[in-house]
file target12.cif (mmCIF, C-alpha atoms and all ligand atoms)
data_query
loop_
_atom_site.label_atom_id
_atom_site.label_comp_id
_atom_site.auth_asym_id
_atom_site.auth_seq_id
_atom_site.Cartn_x
_atom_site.Cartn_y
_atom_site.Cartn_z
CA MET A 186 102.21 72.57 112.74
CA PRO A 187 104.64 71.73 109.84
CA PRO A 188 105.02 67.98 109.08
CA THR A 189 107.88 66.54 111.13
CA ASP A 190 108.52 63.46 109.04
CA THR A 191 111.49 64.81 107.10
CA VAL A 192 113.15 66.57 110.01
CA PRO A 193 116.17 64.53 111.16
CA LEU A 194 115.21 63.02 114.51
CA HIS A 195 118.18 64.59 116.30
CA ARG A 196 116.86 68.01 115.23
CA LEU A 197 113.28 67.57 116.47
CA THR A 198 112.33 70.26 118.93
CA PHE A 199 110.05 69.60 121.85
CA ALA A 200 107.72 71.80 123.81
CA ARG A 201 109.43 73.11 126.94
CA PRO A 202 108.34 70.75 129.76
CA ALA A 203 105.31 72.27 131.47
CA PRO A 204 102.61 71.41 134.02
CA PRO A 205 100.10 68.73 132.92
CA ARG A 206 97.49 69.85 130.42
CA ARG A 207 94.50 68.40 128.59
CA THR A 208 95.04 66.97 125.10
CA THR A 209 92.97 65.05 122.52
CA LEU A 210 94.31 61.73 121.20
CA PRO A 211 94.02 60.77 117.49
CA ASP A 212 90.84 58.72 118.18
CA GLY A 213 89.19 61.71 119.93
CA THR A 214 89.77 60.54 123.53
CA THR A 215 90.57 63.32 126.01
CA ALA A 216 93.70 62.71 128.07
CA TRP A 217 96.15 64.43 130.44
CA LEU A 218 99.53 65.11 128.80
CA PHE A 219 102.70 65.03 130.95
CA THR A 220 106.02 66.41 129.71
CA ARG A 221 108.15 67.14 132.82
CA TYR A 222 110.86 64.61 133.71
CA THR A 223 109.81 64.03 137.34
CA ASP A 224 106.11 63.66 136.40
CA VAL A 225 106.79 61.27 133.50
CA ARG A 226 109.21 59.17 135.55
CA ARG A 227 106.69 58.87 138.39
CA ILE A 228 103.88 57.83 136.04
CA ILE A 229 105.77 55.19 134.06
CA ASN A 230 107.10 53.65 137.29
CA HIS A 231 103.75 53.72 139.17
CA ALA A 232 101.64 50.55 139.35
CA THR A 233 98.42 52.62 139.41
CA PHE A 234 98.69 53.29 135.68
CA HIS A 235 97.58 50.48 133.40
CA ARG A 236 97.77 50.07 129.66
CA VAL A 237 94.61 50.84 127.72
CA LEU A 238 93.61 49.73 124.24
CA LEU A 239 92.10 52.62 122.29
CA PRO A 240 91.05 52.26 118.65
CA ALA A 241 94.25 52.88 116.63
CA PRO A 242 93.91 55.04 113.51
CA GLY A 243 95.24 53.72 110.15
CA ALA A 244 96.70 50.26 110.46
CA GLY A 245 94.46 49.40 113.42
CA THR A 246 95.10 46.21 115.33
CA THR A 247 97.06 44.63 112.44
CA ASN A 248 100.04 46.43 114.02
CA LEU A 249 101.80 43.86 116.26
CA VAL A 250 102.57 46.29 119.07
CA ASP A 251 99.00 47.57 119.31
CA ALA A 252 97.40 44.11 119.14
CA PRO A 253 95.51 43.03 122.28
CA ASP A 254 97.93 40.08 122.71
CA SER A 255 100.99 42.35 122.79
CA LEU A 256 103.19 42.36 125.90
CA THR A 257 103.07 46.16 125.90
CA LYS A 258 99.28 46.12 126.37
CA LYS A 259 99.13 43.91 129.50
CA ASP A 260 99.64 44.68 133.19
CA ASP A 261 98.41 41.50 134.83
CA ASP A 262 99.96 38.18 135.88
CA GLN A 263 100.12 37.07 132.25
CA HIS A 264 102.32 40.08 131.52
CA LEU A 265 104.62 39.22 134.43
CA ARG A 266 104.91 35.61 133.26
CA LEU A 267 105.67 36.65 129.70
CA ARG A 268 108.26 39.20 130.85
CA ARG A 269 110.00 36.71 133.12
CA THR A 270 110.52 34.42 130.16
CA VAL A 271 111.98 37.24 128.07
CA GLN A 272 114.15 38.70 130.81
CA ARG A 273 116.02 35.45 131.37
CA SER A 274 117.38 35.76 127.84
CA PHE A 275 118.37 39.42 128.25
CA SER A 276 119.87 39.77 131.73
CA PRO A 277 123.14 41.75 131.98
CA ARG A 278 124.91 38.40 132.58
CA ALA A 279 123.35 36.85 129.46
CA ILE A 280 124.36 39.94 127.46
CA ALA A 281 127.94 39.75 128.82
CA ARG A 282 128.06 36.19 127.45
CA MET A 283 126.73 37.43 124.10
CA THR A 284 129.13 40.38 123.77
CA PRO A 285 132.04 38.38 122.28
CA TRP A 286 129.93 37.05 119.45
CA VAL A 287 128.28 40.45 118.87
CA SER A 288 131.89 41.69 118.47
CA THR A 289 132.58 38.88 116.02
CA VAL A 290 129.50 39.80 113.96
CA VAL A 291 130.60 43.47 113.96
CA ASP A 292 134.13 42.54 112.83
CA GLN A 293 132.88 40.22 110.08
CA LEU A 294 130.62 42.95 108.70
CA LEU A 295 133.47 45.47 108.88
CA ASP A 296 135.78 43.04 107.01
CA ALA A 297 133.13 42.71 104.31
CA LEU A 298 132.59 46.49 104.18
CA VAL A 299 136.34 47.18 103.84
CA ASP A 300 136.64 44.45 101.17
CA HIS A 301 133.72 46.00 99.30
CA GLY A 302 135.48 49.38 99.42
CA PRO A 303 134.06 52.86 98.86
CA PRO A 304 131.50 54.02 97.93
CA ALA A 305 129.11 51.92 100.04
CA ASP A 306 125.65 52.25 101.55
CA LEU A 307 126.04 51.96 105.33
CA VAL A 308 122.39 50.89 105.72
CA THR A 309 122.72 47.84 103.45
CA HIS A 310 126.21 46.90 104.62
CA TYR A 311 126.02 47.76 108.30
CA THR A 312 123.10 49.40 110.14
CA GLN A 313 120.57 46.88 108.78
CA SER A 314 122.77 43.82 108.52
CA LEU A 315 124.32 44.07 112.01
CA PRO A 316 121.06 43.96 114.07
CA ILE A 317 119.54 41.34 111.73
CA ALA A 318 122.63 39.12 112.11
CA VAL A 319 122.53 39.51 115.91
CA MET A 320 118.82 38.67 116.17
CA SER A 321 119.18 35.76 113.70
CA ARG A 322 121.87 34.28 115.89
CA LEU A 323 119.80 34.81 119.07
CA THR A 324 116.59 33.40 117.62
CA GLY A 325 118.18 30.72 115.43
CA VAL A 326 116.21 32.08 112.42
CA HIS A 327 118.70 31.79 109.55
CA ASP A 328 116.60 30.78 106.55
CA VAL A 329 114.76 34.08 105.98
CA SER A 330 116.27 36.83 103.80
CA ASP A 331 116.98 40.31 105.20
CA ALA A 332 114.44 41.68 102.69
CA ARG A 333 111.66 39.38 104.00
CA LEU A 334 112.43 40.28 107.63
CA ARG A 335 112.35 43.98 106.73
CA HIS A 336 109.02 43.53 104.90
CA TRP A 337 107.52 41.94 108.03
CA ALA A 338 109.03 44.60 110.29
CA GLU A 339 107.67 47.47 108.17
CA HIS A 340 104.16 46.09 108.63
CA ALA A 341 104.52 44.86 112.20
CA PHE A 342 105.27 48.45 113.21
CA ALA A 343 102.97 50.08 110.68
CA GLY A 344 102.07 53.68 111.45
CA ALA A 345 98.83 55.53 110.79
CA THR A 346 99.49 55.94 107.03
CA THR A 347 100.05 52.27 106.12
CA ASP A 348 97.51 50.57 103.87
CA ARG A 349 95.33 48.35 106.10
CA ALA A 350 94.90 45.46 103.64
CA GLU A 351 98.61 45.35 102.84
CA ALA A 352 99.52 45.41 106.54
CA ALA A 353 96.98 42.63 107.23
CA ASP A 354 98.49 40.43 104.46
CA ALA A 355 102.05 40.89 105.72
CA THR A 356 101.00 40.27 109.33
CA ARG A 357 99.14 37.08 108.35
CA GLU A 358 102.17 35.76 106.48
CA PHE A 359 104.49 36.62 109.38
CA THR A 360 102.11 35.06 111.94
CA ASP A 361 101.98 31.82 109.91
CA PHE A 362 105.78 31.81 109.87
CA THR A 363 105.95 32.25 113.66
CA VAL A 364 103.31 29.57 114.34
CA ASN A 365 105.36 27.08 112.28
CA LEU A 366 108.57 28.20 113.98
CA LEU A 367 107.08 27.58 117.44
CA ALA A 368 105.90 24.12 116.41
CA GLU A 369 109.37 23.31 115.05
CA ARG A 370 111.13 24.51 118.23
CA ARG A 371 108.73 22.47 120.39
CA ARG A 372 109.56 19.38 118.32
CA THR A 373 113.31 20.03 118.15
CA PRO A 374 114.50 22.53 120.75
CA GLY A 375 117.90 24.15 120.19
CA PRO A 376 120.21 26.49 122.14
CA ASP A 377 118.35 29.58 120.83
CA MET A 378 116.19 32.15 122.66
CA ILE A 379 112.93 31.01 121.03
CA SER A 380 113.38 27.40 122.18
CA SER A 381 113.98 28.69 125.75
CA LEU A 382 110.94 30.98 125.56
CA VAL A 383 108.68 28.16 124.34
CA GLN A 384 109.94 25.81 127.08
CA ALA A 385 109.64 28.49 129.79
CA ALA A 386 106.13 29.47 128.63
CA ASP A 387 104.98 25.83 128.53
CA VAL A 388 106.39 25.14 132.04
CA GLU A 389 105.07 28.43 133.45
CA GLY A 390 101.58 27.91 132.00
CA GLY A 391 98.87 30.56 131.67
CA ILE A 392 100.33 32.03 128.50
CA THR A 393 98.03 31.69 125.51
CA GLU A 394 99.37 30.66 122.11
CA PRO A 395 98.41 34.02 120.46
CA GLN A 396 100.37 35.85 123.21
CA LEU A 397 103.42 33.68 122.63
CA VAL A 398 103.12 34.16 118.86
CA ASN A 399 102.89 37.94 119.32
CA LEU A 400 105.89 37.99 121.66
CA VAL A 401 108.12 35.86 119.41
CA SER A 402 107.09 37.87 116.32
CA THR A 403 107.82 41.12 118.17
CA LEU A 404 111.24 39.87 119.22
CA ILE A 405 112.17 38.67 115.72
CA VAL A 406 111.42 42.01 114.07
CA GLY A 407 111.48 44.44 117.05
CA GLY A 408 114.87 43.23 118.17
CA HIS A 409 116.45 44.34 114.90
CA ASP A 410 114.22 47.27 113.84
CA THR A 411 114.92 49.42 116.91
CA ALA A 412 118.68 48.81 116.91
CA MET A 413 118.87 49.42 113.13
CA THR A 414 116.95 52.68 113.56
CA MET A 415 119.20 53.93 116.37
CA LEU A 416 122.40 52.99 114.54
CA GLY A 417 121.29 54.73 111.32
CA ASN A 418 120.07 57.90 113.03
CA SER A 419 123.19 58.11 115.21
CA LEU A 420 125.54 57.70 112.23
CA LEU A 421 123.63 60.34 110.26
CA TYR A 422 124.05 62.80 113.14
CA LEU A 423 127.67 61.96 114.01
CA LEU A 424 129.08 61.83 110.48
CA ASP A 425 127.10 64.82 109.21
CA GLU A 426 127.25 67.20 112.14
CA ARG A 427 129.88 65.96 114.61
CA PRO A 428 132.87 64.65 112.64
CA GLU A 429 135.18 65.99 115.40
CA VAL A 430 134.06 63.16 117.77
CA TRP A 431 134.89 60.35 115.29
CA ALA A 432 138.57 59.93 116.31
CA ARG A 433 137.83 59.62 120.06
CA LEU A 434 134.84 57.37 119.36
CA GLY A 435 137.22 54.95 117.62
CA SER A 436 140.10 55.14 120.10
CA ASP A 437 138.38 55.19 123.52
CA GLU A 438 135.92 52.32 124.11
CA ALA A 439 134.71 53.65 127.49
CA ALA A 440 134.03 57.11 126.02
CA ALA A 441 132.16 55.40 123.16
CA GLY A 442 129.88 53.85 125.82
CA LEU A 443 129.04 57.29 127.22
CA LEU A 444 128.36 58.66 123.74
CA THR A 445 126.08 55.66 123.14
CA ASP A 446 124.09 56.55 126.28
CA ARG A 447 123.67 60.06 124.94
CA MET A 448 122.58 58.93 121.45
CA LEU A 449 119.96 56.59 122.93
CA HIS A 450 118.80 59.35 125.25
CA LEU A 451 118.63 62.26 122.80
CA ILE A 452 117.53 60.73 119.48
CA PRO A 453 114.02 59.24 119.62
CA PRO A 454 113.56 56.19 117.35
CA GLY A 455 110.52 57.74 115.66
CA ASP A 456 108.17 60.69 115.57
CA PRO A 457 106.74 60.91 119.07
CA ASP A 458 103.17 61.59 117.86
CA GLU A 459 103.08 58.27 115.97
CA HIS A 460 102.64 56.19 119.11
CA PRO A 461 101.23 57.92 122.19
CA ASN A 462 100.65 54.66 124.16
CA PRO A 463 97.92 55.83 126.55
CA LEU A 464 97.57 54.75 130.21
CA ARG A 465 94.53 54.66 132.50
CA ALA A 466 94.67 55.56 136.20
CA THR A 467 93.16 52.72 138.26
CA GLU A 468 92.73 54.94 141.35
CA ASP A 469 92.84 58.68 142.15
CA ILE A 470 96.43 59.91 142.27
CA ASP A 471 98.19 63.30 142.56
CA VAL A 472 100.92 63.94 139.98
CA GLY A 473 102.54 67.23 138.99
CA GLY A 474 100.14 69.37 141.04
CA ILE A 475 96.87 67.89 139.76
CA THR A 476 94.63 65.00 140.84
CA ILE A 477 94.07 62.38 138.18
CA ARG A 478 90.78 60.61 138.84
CA ALA A 479 90.43 56.81 138.57
CA GLY A 480 89.52 55.98 134.98
CA GLU A 481 91.09 59.08 133.44
CA ILE A 482 93.54 58.62 130.57
CA VAL A 483 97.09 60.01 130.60
CA VAL A 484 99.84 60.13 127.99
CA VAL A 485 103.50 60.88 128.66
CA ASP A 486 105.99 62.53 126.30
CA ARG A 487 109.25 60.73 127.16
CA ALA A 488 111.22 62.53 124.44
CA ALA A 489 110.26 65.98 125.81
CA ALA A 490 110.95 64.82 129.38
CA ASN A 491 114.41 63.59 128.30
CA ARG A 492 115.24 67.20 127.35
CA ASP A 493 113.89 68.69 130.61
CA PRO A 494 116.52 71.22 131.81
CA ALA A 495 115.41 70.53 135.39
CA ALA A 496 116.98 67.04 135.06
CA PHE A 497 119.51 67.36 132.21
CA SER A 498 121.99 69.86 130.79
CA ASP A 499 120.44 72.81 128.99
CA ASP A 500 122.66 72.04 125.98
CA PRO A 501 122.64 68.21 125.98
CA PHE A 502 124.40 67.78 122.61
CA SER A 503 127.41 69.95 123.52
CA ASP A 504 129.63 67.27 125.14
CA LEU A 505 128.68 63.86 123.74
CA PHE A 506 131.16 62.08 126.04
CA ALA A 507 129.73 63.56 129.27
CA PRO A 508 127.81 61.10 131.49
CA LEU A 509 124.04 61.65 131.56
CA GLU A 510 122.96 63.78 134.51
CA SER A 511 119.86 61.61 135.32
CA PRO A 512 118.61 58.16 134.24
CA THR A 513 117.20 58.26 130.72
CA LEU A 514 113.53 57.53 130.00
CA ALA A 515 114.36 56.28 126.49
CA PHE A 516 113.70 52.64 127.48
CA GLY A 517 110.49 53.33 129.40
CA GLY A 518 110.16 52.31 133.03
CA GLY A 519 108.41 50.17 135.62
CA ARG A 520 106.73 46.94 134.55
CA HIS A 521 107.26 47.67 130.86
CA TYR A 522 110.93 48.72 131.03
CA CYS A 523 112.54 47.53 127.79
CA PRO A 524 114.06 44.06 128.29
CA GLY A 525 116.29 44.64 125.24
CA THR A 526 118.12 47.64 126.77
CA TRP A 527 121.44 45.87 127.36
CA LEU A 528 121.47 44.24 123.96
CA ALA A 529 120.55 47.50 122.19
CA HIS A 530 123.30 49.31 124.09
CA ALA A 531 125.90 46.63 123.32
CA GLU A 532 125.08 46.68 119.59
CA LEU A 533 125.17 50.46 119.32
CA HIS A 534 128.29 50.79 121.48
CA LEU A 535 130.32 48.15 119.63
CA GLY A 536 128.81 49.08 116.27
CA LEU A 537 129.85 52.74 116.54
CA HIS A 538 133.19 52.21 118.30
CA ARG A 539 134.50 49.51 115.94
CA LEU A 540 133.33 51.32 112.80
CA ALA A 541 135.12 54.52 113.87
CA ALA A 542 138.27 52.52 114.79
CA ARG A 543 138.33 50.58 111.53
CA ILE A 544 137.45 53.40 109.09
CA PRO A 545 138.79 56.66 110.59
CA GLY A 546 138.24 58.55 107.32
CA LEU A 547 134.56 57.57 106.91
CA ARG A 548 132.29 60.36 105.62
CA LEU A 549 128.78 60.57 104.21
CA THR A 550 128.08 61.65 100.65
CA THR A 551 124.58 62.68 101.71
CA SER A 552 123.53 65.03 104.51
CA ALA A 553 120.82 65.21 107.13
CA ASP A 554 119.10 67.82 104.90
CA THR A 555 118.90 65.65 101.79
CA VAL A 556 118.73 62.06 103.09
CA GLU A 557 115.71 59.96 102.08
CA TRP A 558 113.67 58.64 105.02
CA ARG A 559 112.13 55.25 105.70
CA LEU A 560 108.54 56.36 106.44
CA GLY A 561 105.20 54.81 107.41
CA THR A 562 106.17 52.97 110.58
CA ILE A 563 106.45 53.96 114.22
CA THR A 564 110.25 54.00 113.82
CA ARG A 565 112.02 56.27 111.28
CA SER A 566 115.58 56.15 109.94
CA PRO A 567 117.53 56.88 106.72
CA LEU A 568 116.66 54.58 103.79
CA HIS A 569 120.30 54.81 102.64
CA LEU A 570 123.50 56.26 104.07
CA PRO A 571 125.84 56.58 101.06
CA ALA A 572 129.40 56.91 102.34
CA THR A 573 133.01 56.95 101.22
CA TRP A 574 136.46 56.89 102.85
C1 LIG A 601 117.54 51.28 120.77
C2 LIG A 601 116.79 50.27 120.89
C3 LIG A 601 115.55 50.17 121.72
C4 LIG A 601 114.76 51.15 122.27
C5 LIG A 601 114.94 52.67 122.20
C6 LIG A 601 113.68 50.47 122.95
C7 LIG A 601 112.69 51.11 123.66
C8 LIG A 601 111.67 50.48 124.34
C9 LIG A 601 110.68 51.14 125.16
C10 LIG A 601 110.58 52.65 125.38
C11 LIG A 601 109.86 50.18 125.66
C12 LIG A 601 108.67 50.39 126.61
C13 LIG A 601 107.44 50.55 125.76
C14 LIG A 601 106.23 50.76 126.61
O1 LIG A 601 106.32 51.35 127.69
O2 LIG A 601 105.18 50.31 126.15
C15 LIG A 601 110.30 48.91 125.15
C16 LIG A 601 109.70 47.71 125.41
C17 LIG A 601 110.11 46.53 124.88
N1 LIG A 601 111.27 46.30 124.15
FE1 LIG A 601 112.61 47.69 123.58
N2 LIG A 601 113.82 49.12 122.80
C18 LIG A 601 114.96 48.89 122.07
C19 LIG A 601 115.50 47.67 121.71
C20 LIG A 601 114.92 46.47 121.99
C21 LIG A 601 115.50 45.19 121.63
C22 LIG A 601 116.85 45.01 120.94
C23 LIG A 601 114.60 44.24 122.05
C24 LIG A 601 114.67 42.75 121.94
C25 LIG A 601 115.66 42.08 121.55
C26 LIG A 601 113.47 44.93 122.66
C27 LIG A 601 112.36 44.30 123.19
C28 LIG A 601 111.33 44.96 123.85
C29 LIG A 601 110.14 44.28 124.40
C30 LIG A 601 109.81 42.80 124.28
C31 LIG A 601 109.38 45.26 125.04
C32 LIG A 601 108.02 45.09 125.74
C33 LIG A 601 108.22 45.05 127.23
C34 LIG A 601 106.93 45.10 128.04
O3 LIG A 601 105.93 45.70 127.60
O4 LIG A 601 106.91 44.54 129.14
N3 LIG A 601 113.71 46.27 122.63
N4 LIG A 601 111.42 49.10 124.36
#
call {"tool": "encode", "arguments": {"input": "target12.cif", "output": "structure tokens"}}
result
Amino acid sequence: MPPTDTVPLHRLTFARPAPPRRTTLPDGTTAWLFTRYTDVRRIINHATFHRVLLPAPGAGTTNLVDAPDSLTKKDDDQHLRLRRTVQRSFSPRAIARMTPWVSTVVDQLLDALVDHGPPADLVTHYTQSLPIAVMSRLTGVHDVSDARLRHWAEHAFAGATTDRAEAADATREFTDFTVNLLAERRRTPGPDMISSLVQAADVEGGITEPQLVNLVSTLIVGGHDTAMTMLGNSLLYLLDERPEVWARLGSDEAAAGLLTDRMLHLIPPGDPDEHPNPLRATEDIDVGGITIRAGEIVVVDRAAANRDPAAFSDDPFSDLFAPLESPTLAFGGGRHYCPGTWLAHAELHLGLHRLAARIPGLRLTTSADTVEWRLGTITRSPLHLPATW
């Protein structure tokens, strides 16, 4: 297979969804692979399937998401407790309260971008700075530079090719930072999300300090990395290949919301093979015409399932303002459904809509064929988006 890591993510092609088949994971484990929408949806929503820790190639357990203390690796009461603490900060009501200041952050960045004038790199001035500013405000972390946060994020989400020693150094430094941050917020709580998480975790009990450290670290860098990735990849696609939607994106806020749904649904945040996230069946179960035996490993391909013509339009990019035909799997499902969904949607929605409204003549001076990629982590996005207007 040709390497996929320079193919723009909106152009990735996926195997036509098919019945379950056997596959071999990077560590040699045999697993069942599911690609059809109904099968994948059933599996990720079914309590029978539990997370399993397999030896990760490359960066190993220095990667925050694959560490045993990660929220994404738990299915027990501890996971429920940890999730409850996170969800309080990210409920639709909490996000509705945050939306005005997310708007303010967007407008301030747009003022600065317009003042700067063309040419400008949209990554430096917008797609990176917007999610970092939003997460800094939420977490109350203001004294760390964007460059430092990006350095930690690159290693927290290290992919198979990252140097192990380098990733271990960055993770150690970031962990020390988070440990000190937790101690400070215990001593002097503020109105920020981390103070609430620490208080909730301490009241709730049963959450170990390494789990709390992993969760807070994941939120600090994961909260901005994913949104930055989606904003960069969406702008690359829209400005390079769909300039005809720019005017409506800027003039119709509701339509911009529908386009946002479609971007999140159709453009995966990274190369799907980078992070298969295996599950183990805890009892025998029939899915997709086969019986999975207790103990067997399964992996799901959410990106392929999101293109399944049995659930979605055969030509899903044709009308970007059309509502999605079925619920997207882009944010996972069941016990691990992404708690940041509403925030990610609000940032992308406002970020795209306001940019198109403010700079109607925006165009890239690079293209999806020549853009340089940020590589080596489980997310992938343009390193720079040089633009003019
Ligand atoms: C476009 C942006 C985003 C996408 C596509 C995304 C996607 C996902 C997906 C697919 C999962 C489930 C992973 C699994 O099943 O193991 C997940 C989990 C998670 N996400 Fe997001 N996410 C995004 C933004 C965010 C943001 C902004 C935050 C926080 C501010 C966040 C926090 C989390 C956390 C803490 C989990 C772990 C939940 C658990 O395992 O119980 N995400 N995300």
call {"tool": "closest_atom_pairs", "arguments": {"input": "target12.cif", "of": "range 340-438 of chain A", "to": "range 451-474 of chain A", "cutoff": "7 Å", "atoms": "only C-alpha atoms", "output": "tab-separated table"}}
result
residue	atom	partner	partner_atom	distance
A:Gly344	CA	A:Glu459	CA	6.5
A:Thr411	CA	A:Pro454	CA	6.9
A:Thr414	CA	A:Pro454	CA	6.2
A:Met415	CA	A:Pro454	CA	6.2
call {"tool": "atom_distance", "arguments": {"input": "target12.cif", "atom1": "CA of Val290 in chain A", "atom2": "CA of Gly546 in chain A"}}
result
21.7 Å
call {"tool": "residues_near_ligand", "arguments": {"input": "target12.cif", "ligand": "ligand LIG 601 (chain A)", "cutoff": "7 Å", "atoms": "all atoms listed in the file", "output": "PDB file with C-alpha atoms, in the frame of the given file"}}
result
ATOM      1  CA  LEU A 256     103.190  42.360 125.900  1.00  0.00           C
ATOM      2  CA  THR A 257     103.070  46.160 125.900  1.00  0.00           C
ATOM      3  CA  LYS A 258      99.280  46.120 126.370  1.00  0.00           C
ATOM      4  CA  HIS A 264     102.320  40.080 131.520  1.00  0.00           C
ATOM      5  CA  ARG A 268     108.260  39.200 130.850  1.00  0.00           C
ATOM      6  CA  LEU A 400     105.890  37.990 121.660  1.00  0.00           C
ATOM      7  CA  THR A 403     107.820  41.120 118.170  1.00  0.00           C
ATOM      8  CA  LEU A 404     111.240  39.870 119.220  1.00  0.00           C
ATOM      9  CA  GLY A 407     111.480  44.440 117.050  1.00  0.00           C
ATOM     10  CA  GLY A 408     114.870  43.230 118.170  1.00  0.00           C
ATOM     11  CA  HIS A 409     116.450  44.340 114.900  1.00  0.00           C
ATOM     12  CA  THR A 411     114.920  49.420 116.910  1.00  0.00           C
ATOM     13  CA  ALA A 412     118.680  48.810 116.910  1.00  0.00           C
ATOM     14  CA  MET A 415     119.200  53.930 116.370  1.00  0.00           C
ATOM     15  CA  LEU A 449     119.960  56.590 122.930  1.00  0.00           C
ATOM     16  CA  PRO A 454     113.560  56.190 117.350  1.00  0.00           C
ATOM     17  CA  ASN A 462     100.650  54.660 124.160  1.00  0.00           C
ATOM     18  CA  ALA A 515     114.360  56.280 126.490  1.00  0.00           C
ATOM     19  CA  PHE A 516     113.700  52.640 127.480  1.00  0.00           C
ATOM     20  CA  GLY A 517     110.490  53.330 129.400  1.00  0.00           C
ATOM     21  CA  GLY A 518     110.160  52.310 133.030  1.00  0.00           C
ATOM     22  CA  ARG A 520     106.730  46.940 134.550  1.00  0.00           C
ATOM     23  CA  HIS A 521     107.260  47.670 130.860  1.00  0.00           C
ATOM     24  CA  TYR A 522     110.930  48.720 131.030  1.00  0.00           C
ATOM     25  CA  CYS A 523     112.540  47.530 127.790  1.00  0.00           C
ATOM     26  CA  PRO A 524     114.060  44.060 128.290  1.00  0.00           C
ATOM     27  CA  GLY A 525     116.290  44.640 125.240  1.00  0.00           C
ATOM     28  CA  THR A 526     118.120  47.640 126.770  1.00  0.00           C
ATOM     29  CA  LEU A 528     121.470  44.240 123.960  1.00  0.00           C
ATOM     30  CA  ALA A 529     120.550  47.500 122.190  1.00  0.00           C
ATOM     31  CA  HIS A 530     123.300  49.310 124.090  1.00  0.00           C
TER      32      HIS A 530
END
call {"tool": "atom_distance", "arguments": {"input": "target12.cif", "atom1": "CA of Ala350 in chain A", "atom2": "CA of Arg333 in chain A"}}
result
17.8 Å
call {"tool": "residues_around", "arguments": {"input": "target12.cif", "residues": "range 273-280 of chain A", "least_positions_apart": "2", "cutoff": "12 Å", "atoms": "all atoms listed in the file", "output": "PyMOL selection string"}}
result
chain A and resi 266-271+282-288+319+323-324+376-382+385-386+404+408+523-532
call {"tool": "write_last_selection", "arguments": {"input": "target12.cif", "atoms": "C-alpha atoms", "output": "PDB file, in the coordinates of the input"}}
result
ATOM      1  CA  ARG A 266     104.910  35.610 133.260  1.00  0.00           C
ATOM      2  CA  LEU A 267     105.670  36.650 129.700  1.00  0.00           C
ATOM      3  CA  ARG A 268     108.260  39.200 130.850  1.00  0.00           C
ATOM      4  CA  ARG A 269     110.000  36.710 133.120  1.00  0.00           C
ATOM      5  CA  THR A 270     110.520  34.420 130.160  1.00  0.00           C
ATOM      6  CA  VAL A 271     111.980  37.240 128.070  1.00  0.00           C
ATOM      7  CA  ARG A 282     128.060  36.190 127.450  1.00  0.00           C
ATOM      8  CA  MET A 283     126.730  37.430 124.100  1.00  0.00           C
ATOM      9  CA  THR A 284     129.130  40.380 123.770  1.00  0.00           C
ATOM     10  CA  PRO A 285     132.040  38.380 122.280  1.00  0.00           C
ATOM     11  CA  TRP A 286     129.930  37.050 119.450  1.00  0.00           C
ATOM     12  CA  VAL A 287     128.280  40.450 118.870  1.00  0.00           C
ATOM     13  CA  SER A 288     131.890  41.690 118.470  1.00  0.00           C
ATOM     14  CA  VAL A 319     122.530  39.510 115.910  1.00  0.00           C
ATOM     15  CA  LEU A 323     119.800  34.810 119.070  1.00  0.00           C
ATOM     16  CA  THR A 324     116.590  33.400 117.620  1.00  0.00           C
ATOM     17  CA  PRO A 376     120.210  26.490 122.140  1.00  0.00           C
ATOM     18  CA  ASP A 377     118.350  29.580 120.830  1.00  0.00           C
ATOM     19  CA  MET A 378     116.190  32.150 122.660  1.00  0.00           C
ATOM     20  CA  ILE A 379     112.930  31.010 121.030  1.00  0.00           C
ATOM     21  CA  SER A 380     113.380  27.400 122.180  1.00  0.00           C
ATOM     22  CA  SER A 381     113.980  28.690 125.750  1.00  0.00           C
ATOM     23  CA  LEU A 382     110.940  30.980 125.560  1.00  0.00           C
ATOM     24  CA  ALA A 385     109.640  28.490 129.790  1.00  0.00           C
ATOM     25  CA  ALA A 386     106.130  29.470 128.630  1.00  0.00           C
ATOM     26  CA  LEU A 404     111.240  39.870 119.220  1.00  0.00           C
ATOM     27  CA  GLY A 408     114.870  43.230 118.170  1.00  0.00           C
ATOM     28  CA  CYS A 523     112.540  47.530 127.790  1.00  0.00           C
ATOM     29  CA  PRO A 524     114.060  44.060 128.290  1.00  0.00           C
ATOM     30  CA  GLY A 525     116.290  44.640 125.240  1.00  0.00           C
ATOM     31  CA  THR A 526     118.120  47.640 126.770  1.00  0.00           C
ATOM     32  CA  TRP A 527     121.440  45.870 127.360  1.00  0.00           C
ATOM     33  CA  LEU A 528     121.470  44.240 123.960  1.00  0.00           C
ATOM     34  CA  ALA A 529     120.550  47.500 122.190  1.00  0.00           C
ATOM     35  CA  HIS A 530     123.300  49.310 124.090  1.00  0.00           C
ATOM     36  CA  ALA A 531     125.900  46.630 123.320  1.00  0.00           C
ATOM     37  CA  GLU A 532     125.080  46.680 119.590  1.00  0.00           C
TER      38      GLU A 532
END
call {"tool": "residues_around", "arguments": {"input": "target12.cif", "residues": "range 481-496 of chain A", "least_positions_apart": "2", "cutoff": "7 Å", "atoms": "all atoms listed in the file", "output": "JSON, numbers by chain"}}
result
{"A": [199, 200, 202, 216, 217, 218, 219, 220, 221, 222, 225, 450, 453, 461, 462, 463, 464, 465, 466, 477, 478, 479, 498, 499, 510, 511, 513, 514, 515]}
call {"tool": "closest_residue", "arguments": {"input": "target12.cif", "among": "A:Ala252, A:Asp292, A:Arg372, A:Asp410", "to": "Thr356 in chain A", "atoms": "only C-alpha atoms"}}
result
A:Ala252
call {"tool": "closest_residue", "arguments": {"input": "target12.cif", "among": "A:Ile475, A:Ala441, A:Leu416, A:Leu238", "to": "Leu307 in chain A", "atoms": "all atoms listed in the file"}}
result
A:Leu416
